[in-house]
$ cat upload_36.cif   # mmCIF, C-alpha atoms and all ligand atoms
data_input
loop_
_atom_site.label_atom_id
_atom_site.label_comp_id
_atom_site.auth_asym_id
_atom_site.auth_seq_id
_atom_site.Cartn_x
_atom_site.Cartn_y
_atom_site.Cartn_z
CA MET A 11 -46.00 -11.45 62.37
CA LYS A 12 -47.58 -14.19 60.32
CA GLU A 13 -46.74 -12.52 57.02
CA TRP A 14 -43.01 -12.53 57.89
CA TYR A 15 -42.98 -16.28 58.42
CA ASN A 16 -44.44 -16.63 54.94
CA ALA A 17 -42.06 -14.09 53.48
CA ILE A 18 -39.09 -16.06 54.80
CA LYS A 19 -40.48 -19.38 53.60
CA GLU A 20 -41.17 -18.00 50.16
CA ALA A 21 -37.96 -16.03 49.61
CA GLN A 22 -36.61 -17.12 46.20
CA SER A 23 -33.03 -15.97 46.52
CA LEU A 24 -30.36 -15.31 49.09
CA SER A 25 -30.43 -11.61 48.28
CA LYS A 26 -34.20 -11.45 48.81
CA LEU A 27 -33.76 -13.35 52.11
CA GLU A 28 -31.16 -10.86 53.20
CA GLU A 29 -33.62 -8.00 52.56
CA ILE A 30 -36.14 -9.78 54.76
CA ARG A 31 -33.55 -10.38 57.48
CA ILE A 32 -32.89 -6.64 57.68
CA ALA A 33 -36.62 -5.85 57.68
CA VAL A 34 -37.27 -8.29 60.53
CA PHE A 35 -34.14 -8.38 62.70
CA GLY A 36 -32.50 -5.07 61.75
CA LYS A 37 -32.14 -2.07 64.04
CA LYS A 38 -35.14 -0.48 62.37
CA GLY A 39 -36.88 -3.81 61.74
CA VAL A 40 -40.29 -5.03 62.86
CA LEU A 41 -39.01 -6.84 65.95
CA ALA A 42 -37.20 -3.77 67.16
CA ALA A 43 -40.39 -1.76 66.59
CA GLU A 44 -42.50 -4.26 68.55
CA PHE A 45 -40.04 -4.24 71.45
CA ALA A 46 -40.17 -0.43 71.41
CA LYS A 47 -44.00 -0.44 71.52
CA MET A 48 -43.87 -2.76 74.53
CA LYS A 49 -42.43 0.08 76.63
CA SER A 50 -45.74 1.94 76.53
CA ALA A 51 -47.84 -1.15 77.30
CA PRO A 52 -49.48 -1.53 80.75
CA LYS A 53 -47.02 -2.84 83.30
CA GLU A 54 -48.80 -6.14 84.04
CA GLN A 55 -48.79 -7.10 80.32
CA LYS A 56 -45.17 -6.36 79.70
CA SER A 57 -43.64 -9.68 80.66
CA GLN A 58 -46.27 -11.57 78.62
CA ILE A 59 -45.58 -9.43 75.54
CA ALA A 60 -41.81 -9.81 75.98
CA LYS A 61 -42.20 -13.56 76.26
CA GLU A 62 -44.26 -13.73 73.06
CA LEU A 63 -41.92 -11.42 71.18
CA ASN A 64 -38.90 -13.47 72.19
CA GLU A 65 -40.64 -16.64 71.09
CA HIS A 66 -41.40 -15.03 67.72
CA LYS A 67 -37.84 -13.85 67.49
CA SER A 68 -36.31 -17.30 67.95
CA ALA A 69 -38.96 -18.99 65.80
CA LEU A 70 -38.36 -16.47 62.99
CA MET A 71 -34.63 -16.99 63.38
CA ASN A 72 -35.12 -20.74 62.98
CA GLU A 73 -37.17 -20.22 59.83
CA PHE A 74 -34.58 -17.85 58.53
CA THR A 75 -31.68 -20.23 59.11
CA ALA A 76 -33.54 -23.16 57.55
CA ARG A 77 -34.45 -21.11 54.45
CA LYS A 78 -30.95 -19.82 54.15
CA ILE A 79 -29.49 -23.34 54.10
CA THR A 80 -32.07 -24.43 51.51
CA LEU A 81 -31.34 -21.46 49.25
CA GLN A 82 -27.57 -21.90 49.59
CA THR A 83 -27.86 -25.53 48.58
CA LEU A 84 -30.04 -24.63 45.59
CA GLU A 85 -27.69 -21.90 44.41
CA LEU A 86 -24.69 -24.19 44.72
CA GLN A 87 -26.45 -26.86 42.68
CA GLU A 88 -27.29 -24.34 39.97
CA ALA A 89 -23.72 -23.06 39.86
CA MET A 90 -22.39 -26.60 39.59
CA LYS A 91 -24.79 -27.33 36.76
CA ALA A 92 -23.76 -24.19 34.88
CA GLU A 93 -20.04 -24.67 35.32
CA ALA A 94 -19.98 -28.41 34.79
CA ILE A 95 -17.34 -29.83 32.44
CA ASP A 96 -18.30 -32.81 30.38
CA VAL A 97 -15.16 -34.91 30.69
CA SER A 98 -16.51 -37.46 28.23
CA LEU A 99 -16.63 -34.86 25.43
CA TYR A 100 -14.09 -35.40 22.62
CA SER A 101 -11.41 -32.71 22.53
CA THR A 102 -10.13 -31.14 19.33
CA LYS A 103 -6.63 -32.36 18.52
CA SER A 104 -3.97 -29.66 18.50
CA GLU A 105 -1.15 -30.11 16.02
CA ALA A 106 2.43 -29.58 17.12
CA GLY A 107 4.05 -26.60 15.40
CA ALA A 108 7.47 -26.61 13.82
CA LEU A 109 10.14 -24.23 12.60
CA HIS A 110 9.79 -22.91 9.05
CA PRO A 111 12.36 -24.62 6.78
CA VAL A 112 14.13 -21.28 6.24
CA MET A 113 14.49 -20.68 9.99
CA GLU A 114 15.56 -24.27 10.57
CA THR A 115 18.24 -23.94 7.90
CA MET A 116 19.35 -20.60 9.34
CA ASP A 117 19.63 -22.19 12.81
CA ARG A 118 21.80 -24.99 11.44
CA ILE A 119 24.13 -22.56 9.68
CA VAL A 120 24.39 -20.37 12.79
CA GLU A 121 25.08 -23.49 14.85
CA TYR A 122 28.03 -24.42 12.64
CA PHE A 123 29.67 -21.00 12.80
CA SER A 124 28.94 -20.59 16.51
CA SER A 125 30.83 -23.82 17.09
CA MET A 126 33.74 -22.15 15.24
CA ASN A 127 33.57 -19.19 17.64
CA PHE A 128 31.89 -16.73 15.29
CA ALA A 129 29.75 -14.20 17.21
CA VAL A 130 26.24 -13.52 15.92
CA LYS A 131 25.59 -9.86 14.98
CA THR A 132 22.51 -8.10 13.68
CA GLY A 133 22.27 -4.75 11.94
CA ASN A 134 19.38 -2.68 10.64
CA MET A 135 17.02 -3.63 7.85
CA VAL A 136 16.58 0.05 7.01
CA GLU A 137 20.11 1.14 6.15
CA ASP A 138 21.86 4.21 4.82
CA ASP A 139 23.82 4.50 1.62
CA PHE A 140 27.15 4.56 3.47
CA ASN A 141 26.78 1.19 5.22
CA ASN A 142 25.07 -0.63 2.37
CA PHE A 143 27.23 0.67 -0.50
CA GLU A 144 29.78 3.44 0.03
CA ALA A 145 31.87 1.80 2.78
CA LEU A 146 31.77 -1.49 0.87
CA ASN A 147 33.76 0.05 -1.97
CA LEU A 148 30.64 0.79 -3.98
CA PRO A 149 30.81 4.55 -4.57
CA LYS A 150 27.89 6.42 -6.16
CA TYR A 151 27.43 5.70 -9.86
CA HIS A 152 29.60 2.59 -9.62
CA PRO A 153 28.16 0.18 -12.20
CA ALA A 154 28.22 -2.73 -9.71
CA ARG A 155 25.35 -1.05 -7.81
CA ASP A 156 23.12 -2.30 -10.60
CA MET A 157 23.75 -5.87 -9.43
CA GLN A 158 21.43 -5.15 -6.52
CA ASP A 159 18.00 -3.75 -7.36
CA THR A 160 17.44 -1.51 -4.39
CA PHE A 161 14.30 -0.29 -2.63
CA TYR A 162 14.99 3.37 -1.80
CA PHE A 163 13.42 5.70 0.78
CA LYS A 164 13.98 9.44 0.99
CA ASP A 165 17.30 10.94 2.11
CA GLU A 166 19.62 8.17 0.91
CA MET A 167 17.92 5.61 3.14
CA LEU A 168 17.14 2.18 1.73
CA LEU A 169 16.21 -1.40 2.57
CA ARG A 170 19.50 -3.25 2.88
CA THR A 171 20.21 -5.31 -0.23
CA HIS A 172 22.60 -7.66 1.57
CA THR A 173 23.90 -8.40 5.08
CA SER A 174 27.31 -6.90 4.24
CA PRO A 175 26.48 -3.56 5.99
CA VAL A 176 26.65 -5.52 9.26
CA GLN A 177 30.37 -6.00 8.51
CA ILE A 178 30.73 -2.22 8.40
CA ARG A 179 28.64 -1.58 11.52
CA THR A 180 30.59 -4.20 13.47
CA MET A 181 34.00 -2.88 12.40
CA MET A 182 32.95 0.71 13.15
CA SER A 183 31.96 -0.24 16.69
CA THR A 184 34.63 -2.80 17.66
CA LYS A 185 38.36 -3.18 17.43
CA PRO A 186 39.94 -6.12 15.57
CA PRO A 187 40.23 -9.09 15.75
CA ILE A 188 36.69 -9.92 14.56
CA ARG A 189 34.96 -13.21 13.95
CA MET A 190 31.29 -12.67 13.21
CA ILE A 191 28.32 -13.86 11.26
CA ALA A 192 25.21 -11.80 10.51
CA PRO A 193 21.99 -13.65 9.73
CA GLY A 194 19.01 -11.59 8.60
CA ALA A 195 16.43 -10.46 6.06
CA VAL A 196 17.51 -8.52 2.97
CA PHE A 197 15.48 -6.88 0.18
CA ARG A 198 15.72 -6.57 -3.59
CA ARG A 199 13.31 -5.59 -6.35
CA ASP A 200 13.11 -9.01 -7.89
CA TYR A 201 10.39 -11.67 -8.27
CA ASP A 202 10.54 -14.96 -10.16
CA LEU A 203 11.10 -18.69 -9.62
CA THR A 204 14.34 -18.15 -7.75
CA HIS A 205 13.95 -14.55 -6.45
CA THR A 206 11.63 -12.90 -3.88
CA PRO A 207 11.69 -9.24 -2.77
CA MET A 208 12.63 -10.37 0.75
CA PHE A 209 14.99 -13.21 1.51
CA HIS A 210 17.61 -14.12 4.10
CA GLN A 211 21.37 -14.04 4.01
CA ILE A 212 24.14 -15.00 6.35
CA GLU A 213 27.25 -12.87 6.21
CA GLY A 214 30.59 -13.94 7.61
CA LEU A 215 33.60 -11.79 8.44
CA LEU A 216 36.94 -12.63 9.98
CA VAL A 217 39.58 -9.97 10.61
CA ASP A 218 42.98 -10.43 12.21
CA LYS A 219 46.52 -9.00 12.03
CA GLU A 220 47.98 -8.21 8.65
CA GLY A 221 49.21 -11.37 6.92
CA GLU A 222 47.44 -13.75 9.33
CA VAL A 223 44.36 -14.41 7.21
CA SER A 224 44.72 -16.20 3.90
CA PHE A 225 42.53 -17.45 1.12
CA ALA A 226 43.51 -20.96 2.25
CA ASN A 227 41.87 -20.30 5.65
CA LEU A 228 38.70 -19.18 3.89
CA LYS A 229 38.73 -22.18 1.57
CA TYR A 230 39.20 -24.58 4.46
CA ILE A 231 36.32 -23.33 6.60
CA LEU A 232 33.87 -23.03 3.70
CA GLU A 233 34.62 -26.54 2.46
CA ASP A 234 34.15 -27.90 5.96
CA PHE A 235 30.93 -25.92 6.37
CA LEU A 236 29.46 -27.09 3.04
CA LYS A 237 30.16 -30.72 3.85
CA TYR A 238 28.47 -30.18 7.23
CA MET A 239 25.39 -28.84 5.44
CA PHE A 240 25.20 -31.07 2.37
CA GLY A 241 27.15 -34.19 3.25
CA ASP A 242 29.75 -35.62 0.92
CA VAL A 243 29.68 -33.08 -1.93
CA ASP A 244 32.52 -31.78 -4.13
CA VAL A 245 33.32 -28.11 -3.64
CA ARG A 246 34.90 -25.76 -6.17
CA PHE A 247 35.93 -22.11 -6.07
CA ARG A 248 35.33 -20.06 -9.22
CA PRO A 249 36.98 -16.63 -9.69
CA SER A 250 34.37 -13.87 -9.49
CA PHE A 251 33.92 -10.22 -8.60
CA PHE A 252 32.55 -8.37 -5.58
CA PRO A 253 33.48 -4.73 -4.95
CA PHE A 254 34.22 -5.43 -1.27
CA THR A 255 36.53 -8.43 -1.72
CA GLU A 256 39.67 -8.94 -3.77
CA PRO A 257 40.30 -11.60 -4.90
CA SER A 258 36.72 -12.85 -4.97
CA ALA A 259 35.19 -16.23 -5.66
CA GLU A 260 31.88 -17.91 -6.06
CA VAL A 261 31.62 -21.34 -4.52
CA ASP A 262 29.83 -24.27 -6.14
CA ILE A 263 28.92 -27.69 -4.80
CA SER A 264 28.37 -30.75 -6.96
CA CYS A 265 24.65 -30.96 -7.75
CA VAL A 266 22.77 -32.60 -4.85
CA PHE A 267 20.02 -33.78 -7.22
CA CYS A 268 22.02 -35.58 -9.92
CA LYS A 269 25.31 -36.07 -8.02
CA GLY A 270 27.12 -34.09 -10.72
CA GLU A 271 25.72 -36.02 -13.68
CA GLY A 272 23.87 -32.97 -15.03
CA CYS A 273 20.14 -32.25 -14.64
CA ARG A 274 17.53 -29.50 -15.01
CA VAL A 275 18.26 -27.98 -11.56
CA CYS A 276 21.98 -27.51 -12.25
CA SER A 277 21.33 -26.53 -15.90
CA HIS A 278 23.23 -29.66 -16.91
CA THR A 279 26.49 -28.33 -15.49
CA GLY A 280 26.68 -30.73 -12.54
CA TRP A 281 27.36 -27.75 -10.23
CA LEU A 282 25.22 -25.50 -7.98
CA GLU A 283 26.36 -22.03 -6.90
CA VAL A 284 25.88 -21.55 -3.14
CA LEU A 285 28.19 -18.81 -1.84
CA GLY A 286 30.08 -15.60 -2.55
CA CYS A 287 33.34 -14.89 -0.79
CA GLY A 288 36.76 -13.31 -0.90
CA ILE A 289 39.59 -11.50 0.84
CA VAL A 290 38.40 -8.16 2.28
CA ASP A 291 39.27 -5.30 -0.09
CA PRO A 292 41.70 -2.74 1.42
CA ASN A 293 39.21 0.02 0.55
CA VAL A 294 36.72 -1.47 3.01
CA PHE A 295 39.30 -1.33 5.83
CA LYS A 296 40.07 2.24 4.83
CA ALA A 297 36.40 3.19 5.11
CA VAL A 298 36.18 1.89 8.70
CA ASP A 299 39.65 3.15 9.62
CA TYR A 300 41.21 -0.27 10.28
CA LYS A 301 45.00 -0.45 9.87
CA ASP A 302 47.47 -3.35 9.57
CA VAL A 303 44.77 -6.00 9.30
CA SER A 304 43.69 -8.67 6.83
CA GLY A 305 40.47 -10.61 6.60
CA TYR A 306 38.04 -12.72 4.67
CA ALA A 307 34.29 -12.41 4.12
CA PHE A 308 31.53 -14.53 2.70
CA GLY A 309 27.80 -14.30 2.11
CA LEU A 310 25.11 -16.85 1.32
CA GLY A 311 21.38 -17.02 0.69
CA VAL A 312 19.52 -19.06 3.31
CA GLU A 313 16.50 -19.83 1.10
CA ARG A 314 18.78 -21.31 -1.54
CA PHE A 315 20.27 -23.65 1.07
CA ALA A 316 16.80 -24.61 2.33
CA MET A 317 15.63 -25.33 -1.24
CA LEU A 318 18.61 -27.54 -1.96
CA ILE A 319 18.37 -29.38 1.36
CA HIS A 320 14.61 -30.00 1.06
CA GLN A 321 14.51 -30.24 -2.76
CA ILE A 322 12.00 -27.41 -3.17
CA GLY A 323 11.59 -26.20 -6.77
CA ASP A 324 9.91 -22.79 -6.40
CA LEU A 325 11.40 -20.29 -3.93
CA ARG A 326 8.12 -18.39 -3.73
CA SER A 327 6.36 -21.39 -2.16
CA LEU A 328 8.45 -20.82 0.98
CA PHE A 329 6.60 -17.55 1.59
CA GLU A 330 3.03 -18.56 0.82
CA GLY A 331 2.37 -19.97 4.30
CA ASP A 332 0.75 -23.08 2.83
CA ILE A 333 0.33 -25.43 5.79
CA LYS A 334 0.23 -28.50 3.53
CA LEU A 335 3.66 -27.69 2.17
CA LEU A 336 5.14 -26.67 5.52
CA GLU A 337 3.88 -29.81 7.25
CA GLN A 338 6.15 -31.87 5.03
CA PHE A 339 9.20 -30.37 6.72
CA ARG A 340 8.12 -30.91 10.32
N1 LIG B 401 27.06 -9.36 -0.28
C1 LIG B 401 27.20 -10.30 -1.38
C2 LIG B 401 25.85 -10.46 -2.08
O1 LIG B 401 24.85 -10.16 -1.52
C3 LIG B 401 27.70 -11.63 -0.92
C4 LIG B 401 29.11 -11.58 -0.41
C5 LIG B 401 29.35 -11.30 0.93
C6 LIG B 401 30.17 -11.78 -1.24
C7 LIG B 401 30.64 -11.24 1.41
C8 LIG B 401 31.46 -11.74 -0.80
C9 LIG B 401 31.69 -11.47 0.53
O2 LIG B 401 25.79 -10.92 -3.21
#
$ encode --input "upload_36.cif" --output "structure tokens"
Amino acid sequence: MKEWYNAIKEAQSLSKLEEIRIAVFGKKGVLAAEFAKMKSAPKEQKSQIAKELNEHKSALMNEFTARKITLQTLELQEAMKAEAIDVSLYSTKSEAGALHPVMETMDRIVEYFSSMNFAVKTGNMVEDDFNNFEALNLPKYHPARDMQDTFYFKDEMLLRTHTSPVQIRTMMSTKPPIRMIAPGAVFRRDYDLTHTPMFHQIEGLLVDKEGEVSFANLKYILEDFLKYMFGDVDVRFRPSFFPFTEPSAEVDISCVFCKGEGCRVCSHTGWLEVLGCGIVDPNVFKAVDYKDVSGYAFGLGVERFAMLIHQIGDLRSLFEGDIKLLEQFR
């Protein structure tokens, strides 16, 4: 028996102690074996042996319980040491993030048109020839297709060159009247100070009964919108051409850098071009099978707005992910 007292005292872990417990107190343990042997002992010795065995049993149990408490305390202390958190340690500072200036500008534009009850629509970045060109009065081999350097896939699929295909998708899937804007990424094969292969546009389309939408309506909302974005600027409409609008105009604001005096940014004209717009061409309505309606449409480049608002000189810097630059617009 002696060796079991020592074994219990010297057990170094709770799992070792548990092994010993089974070996001593278990059904097939030493105590059980001793009690079994007792049966074959001479009658007159039996009660003495039982007495001794029971004394051993309770003494061993006491040792066991004491060792168990000691080991539990030790293991808890070790665990606490290992998992301790040093609350006096300096933490690393985490910087607050912010919206990218392009997204922030996009949000502001969307906010304006949402307040005017324009619904926000999205289309597909991978488009087909019909939605991007054909239905917008740009038939195959039309010279105006050259205005938009297109990335083509196989089978007349392409990366949309503008958000105007969302006009077509919306009209094909809903009945008039329509009041929508379409913010999103567009793609052109172009790369210099003011062009990147991917940029963002916001398209606008309003369609109502024939004769109920005029150029004056278009002029009013765009002037109001541009003053909302740029403050107290002058706005002018210049006759222009887009295949999907007739008449068409480009819209300029007085230069936000030189207040119209003339500077490098506005090429000394005093004006900055910010928008394309016009009255929806009847051929577009024909393509989507709309009858007895009239409408206006406009499209703008979000990066251009962001550059003018934040006075950024190189468009490409908006896509370099340079934290130092982006932090300035937080
Ligand atoms: N889709 C034209 C472009 O990308 C912009 C535009 C949209 C012009 C709607 C007129 C009307 O240049």
$ closest_residue --input "upload_36.cif" --among "A:Val243, A:Met113, A:Leu146, A:Met167" --to "ligand LIG 401 (chain B)" --atoms "only C-alpha atoms and all ligand atoms"
A:Leu146
$ residues_near_ligand --input "upload_36.cif" --ligand "ligand LIG 401 (chain B)" --cutoff "6 Å" --atoms "only C-alpha atoms and all ligand atoms" --output "count of residues only"
10
$ residues_around --input "upload_36.cif" --residues "region 275-283 of chain A" --least-positions-apart "4" --cutoff "6 Å" --atoms "only C-alpha atoms" --output "mmCIF file with C-alpha atoms, keeping the file's coordinate frame"
data_model
loop_
_atom_site.group_PDB
_atom_site.id
_atom_site.type_symbol
_atom_site.label_atom_id
_atom_site.label_comp_id
_atom_site.auth_asym_id
_atom_site.auth_seq_id
_atom_site.Cartn_x
_atom_site.Cartn_y
_atom_site.Cartn_z
ATOM 1 C CA VAL A 261 31.620 -21.340 -4.520
ATOM 2 C CA ASP A 262 29.830 -24.270 -6.140
ATOM 3 C CA ILE A 263 28.920 -27.690 -4.800
ATOM 4 C CA SER A 264 28.370 -30.750 -6.960
ATOM 5 C CA CYS A 265 24.650 -30.960 -7.750
ATOM 6 C CA GLY A 270 27.120 -34.090 -10.720
ATOM 7 C CA GLU A 271 25.720 -36.020 -13.680
#
$ closest_residue --input "upload_36.cif" --among "A:Ile188, A:Leu203, A:Ala21, A:Met11" --to "Glu44 (chain A)" --atoms "all atoms listed in the file"
A:Met11
$ closest_residue --input "upload_36.cif" --among "A:Leu285, A:Phe35, A:Pro193, A:Leu70" --to "Asp117 (chain A)" --atoms "all atoms listed in the file"
A:Pro193
$ residues_around --input "upload_36.cif" --residues "Phe251 (chain A)" --least-positions-apart "3" --cutoff "12 Å" --atoms "all atoms listed in the file" --output "MDAnalysis selection string"
chainID A and resid 154 157 248 254:260 286:291
$ closest_residue --input "upload_36.cif" --among "A:Asp218, A:Gly331, A:Tyr151, A:Gly241" --to "Lys185 (chain A)" --atoms "all atoms listed in the file"
A:Asp218
$ residues_around --input "upload_36.cif" --residues "Glu29 (chain A)" --least-positions-apart "4" --cutoff "12 Å" --atoms "all atoms listed in the file" --output "list in words"
Trp14, Ala17, Ile18, Ala21, Gln22, Ser23, Leu24, Ser25, Ala33, Val34, Phe35, Gly36, Gly39 and Phe74 of chain A
$ write_last_selection --input "upload_36.cif" --atoms "C-alpha atoms" --output "compact mmCIF listing (two decimals), in the coordinates of the input"
# COMPACT_ATOMS: atom_id res chain seq x y z
CA TRP A 14 -43.01 -12.53 57.89
CA ALA A 17 -42.06 -14.09 53.48
CA ILE A 18 -39.09 -16.06 54.80
CA ALA A 21 -37.96 -16.03 49.61
CA GLN A 22 -36.61 -17.12 46.20
CA SER A 23 -33.03 -15.97 46.52
CA LEU A 24 -30.36 -15.31 49.09
CA SER A 25 -30.43 -11.61 48.28
CA ALA A 33 -36.62 -5.85 57.68
CA VAL A 34 -37.27 -8.29 60.53
CA PHE A 35 -34.14 -8.38 62.70
CA GLY A 36 -32.50 -5.07 61.75
CA GLY A 39 -36.88 -3.81 61.74
CA PHE A 74 -34.58 -17.85 58.53
$ closest_residue --input "upload_36.cif" --among "A:Gln87, A:Ser57, A:Ser125, A:Thr102" --to "Phe235 (chain A)" --atoms "only C-alpha atoms"
A:Ser125
$ atom_distance --input "upload_36.cif" --atom1 "CA of Asn227 (chain A)" --atom2 "CA of Met317 (chain A)"
27.6 Å
$ residues_around --input "upload_36.cif" --residues "Leu236 (chain A)" --least-positions-apart "2" --cutoff "12 Å" --atoms "all atoms listed in the file" --output "ChimeraX atom specification"
/A:118-119,122-123,229-234,238-246,261-264,266,282-285,310,315,318-319
$ atom_distance --input "upload_36.cif" --atom1 "CA of Glu13 (chain A)" --atom2 "CA of Ile30 (chain A)"
11.2 Å
$ closest_residue --input "upload_36.cif" --among "A:Thr204, A:Ser304, A:Thr180, A:Arg198" --to "Val223 (chain A)" --atoms "all atoms listed in the file"
A:Ser304
$ closest_atom_pairs --input "upload_36.cif" --of "region 173-204 of chain A" --to "region 292-295 of chain A" --cutoff "12 Å" --atoms "all atoms listed in the file" --output "CSV"
residue,atom,partner,partner_atom,distance
A:Ser174,CA,A:Val294,CA,10.9
A:Pro175,CA,A:Val294,CA,10.9
A:Gln177,CA,A:Val294,CA,9.5
A:Ile178,CA,A:Val294,CA,8.1
A:Arg179,CA,A:Val294,CA,11.7
A:Thr180,CA,A:Phe295,CA,11.9
A:Met181,CA,A:Phe295,CA,8.6
A:Met182,CA,A:Phe295,CA,9.9
A:Lys185,CA,A:Phe295,CA,11.8
A:Pro186,CA,A:Phe295,CA,10.9
$ residues_around --input "upload_36.cif" --residues "Asp200 (chain A)" --least-positions-apart "4" --cutoff "12 Å" --atoms "all atoms listed in the file" --output "number ranges by chain"
A: 157-161, 171, 196, 204-209, 326
$ write_last_selection --input "upload_36.cif" --atoms "C-alpha atoms" --output "mmCIF file, in the frame of the given file"
data_model
loop_
_atom_site.group_PDB
_atom_site.id
_atom_site.type_symbol
_atom_site.label_atom_id
_atom_site.label_comp_id
_atom_site.auth_asym_id
_atom_site.auth_seq_id
_atom_site.Cartn_x
_atom_site.Cartn_y
_atom_site.Cartn_z
ATOM 1 C CA MET A 157 23.750 -5.870 -9.430
ATOM 2 C CA GLN A 158 21.430 -5.150 -6.520
ATOM 3 C CA ASP A 159 18.000 -3.750 -7.360
ATOM 4 C CA THR A 160 17.440 -1.510 -4.390
ATOM 5 C CA PHE A 161 14.300 -0.290 -2.630
ATOM 6 C CA THR A 171 20.210 -5.310 -0.230
ATOM 7 C CA VAL A 196 17.510 -8.520 2.970
ATOM 8 C CA THR A 204 14.340 -18.150 -7.750
ATOM 9 C CA HIS A 205 13.950 -14.550 -6.450
ATOM 10 C CA THR A 206 11.630 -12.900 -3.880
ATOM 11 C CA PRO A 207 11.690 -9.240 -2.770
ATOM 12 C CA MET A 208 12.630 -10.370 0.750
ATOM 13 C CA PHE A 209 14.990 -13.210 1.510
ATOM 14 C CA ARG A 326 8.120 -18.390 -3.730
#
$ atom_distance --input "upload_36.cif" --atom1 "CA of Phe45 (chain A)" --atom2 "CA of Ser68 (chain A)"
14.0 Å
$ build_atoms --input "upload_36.cif" --residues "region 254-259 of chain A" --atoms "all heavy atoms" --output "PDB file, in the frame of the given file"
ATOM      1  N   PHE A 254      33.670  -5.491  -2.630  1.00  0.00           N
ATOM      2  CA  PHE A 254      34.220  -5.430  -1.270  1.00  0.00           C
ATOM      3  C   PHE A 254      35.215  -6.536  -0.962  1.00  0.00           C
ATOM      4  O   PHE A 254      35.717  -6.634   0.155  1.00  0.00           O
ATOM      5  CB  PHE A 254      33.085  -5.428  -0.238  1.00  0.00           C
ATOM      6  CG  PHE A 254      31.848  -6.154  -0.719  1.00  0.00           C
ATOM      7  CD1 PHE A 254      31.681  -7.517  -0.511  1.00  0.00           C
ATOM      8  CD2 PHE A 254      30.871  -5.459  -1.427  1.00  0.00           C
ATOM      9  CE1 PHE A 254      30.542  -8.182  -0.971  1.00  0.00           C
ATOM     10  CE2 PHE A 254      29.725  -6.115  -1.900  1.00  0.00           C
ATOM     11  CZ  PHE A 254      29.564  -7.475  -1.679  1.00  0.00           C
ATOM     12  N   THR A 255      35.492  -7.410  -1.935  1.00  0.00           N
ATOM     13  CA  THR A 255      36.530  -8.430  -1.720  1.00  0.00           C
ATOM     14  C   THR A 255      37.454  -8.479  -2.940  1.00  0.00           C
ATOM     15  O   THR A 255      37.032  -8.237  -4.064  1.00  0.00           O
ATOM     16  CB  THR A 255      35.895  -9.834  -1.520  1.00  0.00           C
ATOM     17  OG1 THR A 255      34.904 -10.062  -2.511  1.00  0.00           O
ATOM     18  CG2 THR A 255      35.262  -9.971  -0.148  1.00  0.00           C
ATOM     19  N   GLU A 256      38.700  -8.798  -2.689  1.00  0.00           N
ATOM     20  CA  GLU A 256      39.670  -8.940  -3.770  1.00  0.00           C
ATOM     21  C   GLU A 256      40.831  -9.806  -3.298  1.00  0.00           C
ATOM     22  O   GLU A 256      41.499  -9.411  -2.346  1.00  0.00           O
ATOM     23  CB  GLU A 256      40.170  -7.557  -4.221  1.00  0.00           C
ATOM     24  CG  GLU A 256      41.152  -7.583  -5.388  1.00  0.00           C
ATOM     25  CD  GLU A 256      40.559  -8.212  -6.650  1.00  0.00           C
ATOM     26  OE1 GLU A 256      39.344  -8.001  -6.898  1.00  0.00           O
ATOM     27  OE2 GLU A 256      41.287  -8.928  -7.340  1.00  0.00           O
ATOM     28  N   PRO A 257      41.091 -10.968  -3.837  1.00  0.00           N
ATOM     29  CA  PRO A 257      40.300 -11.600  -4.900  1.00  0.00           C
ATOM     30  C   PRO A 257      38.951 -12.110  -4.377  1.00  0.00           C
ATOM     31  O   PRO A 257      38.770 -12.282  -3.176  1.00  0.00           O
ATOM     32  CB  PRO A 257      41.189 -12.766  -5.319  1.00  0.00           C
ATOM     33  CG  PRO A 257      41.990 -13.106  -4.113  1.00  0.00           C
ATOM     34  CD  PRO A 257      42.232 -11.798  -3.423  1.00  0.00           C
ATOM     35  N   SER A 258      38.048 -12.351  -5.321  1.00  0.00           N
ATOM     36  CA  SER A 258      36.720 -12.850  -4.970  1.00  0.00           C
ATOM     37  C   SER A 258      36.468 -14.184  -5.637  1.00  0.00           C
ATOM     38  O   SER A 258      37.084 -14.490  -6.658  1.00  0.00           O
ATOM     39  CB  SER A 258      35.631 -11.882  -5.443  1.00  0.00           C
ATOM     40  OG  SER A 258      35.849 -10.578  -4.959  1.00  0.00           O
ATOM     41  N   ALA A 259      35.546 -14.954  -5.039  1.00  0.00           N
ATOM     42  CA  ALA A 259      35.190 -16.230  -5.660  1.00  0.00           C
ATOM     43  C   ALA A 259      33.726 -16.532  -5.409  1.00  0.00           C
ATOM     44  O   ALA A 259      33.136 -16.059  -4.427  1.00  0.00           O
ATOM     45  CB  ALA A 259      36.050 -17.362  -5.077  1.00  0.00           C
TER      46      ALA A 259
END
